[in-house]
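**Q** Encoded as structure tokens, here's the structure I'll be asking about.
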Amino acid sequence: MKNIMIRYRFFFVMVAVTIGLAAINPAAGEKAVDTTIFSFREMLSVLPPIFILLGLLDVWVPRETMIRFMGKGSGAKGILLAIFLGSAAAGPLYGAFPMAAVFMKKGVKFSNVLIFLGAWSTTKIPMFLFELSALGTRFALTRLGASMVGIFVIAHLVDKSVDEKEKSMVYKNASEMN
């Protein structure tokens with residue numbers, strides 16, 4: 001029981017904060033509960049398809065294939081694939097992290113995982129198409145270019161600042177997530 005309390009302490013603290021908020025300001029407490037329920041429902045509609053696709057990826061795509069296309073020696077091919085997969089993916093950012101864990105389990109290069117996460121969060125194809133039509137070509141291409149530069153710079157800096165021991169720990173934790 002103590003382990004559960006420690007593991008989910010943030011959740012329990014937030015429940016206590018919400019109860020306290022409801023006691024002080026019932027309208028704000030009700031809004032907080034409604035927002036939480038809405039977010040939970042949204043998450044339940046997004047995560048099952050993502051987990052099904054991840055299960056299929058895990059079973060159908062051999063580790064050797066992922067290493068060849070996105071592993072240490074993949075070069076530009078791995079970077080382009082990470083960008084494409086991140087940009088073409090659907091769903092909110094929290095859906096990208098289980099995918100990143102499967103990529104790590106399959107031996108994808110650390111910087112390619114970071115590029116995938118960056119692309120998922122900033123270069124969605126539907127968002128780019130909306131920007132093209134609503135904000136114009138110049139804006140859309142400028143924002144996309146700036147985002148790509150940012151993704152590469154951040155991925156490079158994080159890759160270089162995390163030592164190999166920490167990376168192996170992250171990969172080990174990703175492999176144990178089953």
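Chain labels follow the order of the structure tokens: the first chain is A, the next B, and so on; residue numbering restarts at 1 in every chain, and ligands are counted from 1 in their shown order.
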Which residues come within 6 Å of region 111-116 of chain A, counting only C-alpha atoms, excluding same-chain residues fewer than 3 positions away, as a list in words?

**A** Ile79, Ala82, Ile83, Gly86, Ala119, Ala155 and Asp159 of chain A

**Q** Need to verify the contact set: Pro48 (chain A), 12 Å, only C-alpha atoms, exclusion of same-chain residues closer than 5 positions in sequence. Can you return it as a PDB file with C-alpha atoms, in the first residue's frame?

**A**
ATOM      1  CA  ARG A  41     -12.379  10.692 -21.899  1.00  0.00           C
ATOM      2  CA  GLU A  42     -10.252  12.210 -24.659  1.00  0.00           C
ATOM      3  CA  MET A  43      -7.258  10.186 -23.514  1.00  0.00           C
ATOM      4  CA  LEU A  53      -0.634   0.102 -33.497  1.00  0.00           C
ATOM      5  CA  LEU A  54       2.325  -0.140 -31.121  1.00  0.00           C
ATOM      6  CA  GLY A  55       1.573  -3.790 -30.462  1.00  0.00           C
ATOM      7  CA  GLY A  91      -2.986  12.346 -31.768  1.00  0.00           C
ATOM      8  CA  GLY A  95       0.690   9.379 -27.571  1.00  0.00           C
ATOM      9  CA  PRO A  98       4.773   4.975 -25.842  1.00  0.00           C
TER      10      PRO A  98
END

**Q** Check region 68-140 of chain A with DSSP on the backbone and list each residue it calls alpha helix (DSSP H), as a ChimeraX atom specification.

**A** /A:68-70,75-88,96-105,110-122,125-135,137-140

**Q** Rounded to one decimal place, report the CA of Val149 (chain A)-CA of Leu93 (chain A) distance in Å.

**A**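 According to the coordinates, CA of Val149 (chain A) and CA of Leu93 (chain A) are separated by 19.4 Å.
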
**Q** Could you tell me how far CA of Thr123 (chain A) lies from CA of Leu141 (chain A), in Å and to one decimal?

**A** 10.8 Å

**Q** Using only C-alpha atoms, which of the listed residues (A:Ser168, A:Ser87, A:Ser161, A:Asn173) sits closest to Ser147 (chain A)?

**A**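 Once distances to Ser147 (chain A) are computed over only C-alpha atoms, the minimum belongs to A:Ser87.
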
**Q** From the options A:Phe38, A:Pro92, A:Val108, A:Phe97, which residue's atoms come nearest to Ile67 (chain A), counting only C-alpha atoms?

**A**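 Going through A:Phe38, A:Pro92, A:Val108, A:Phe97 one by one, the smallest distance to Ile67 (chain A) is for A:Val108.
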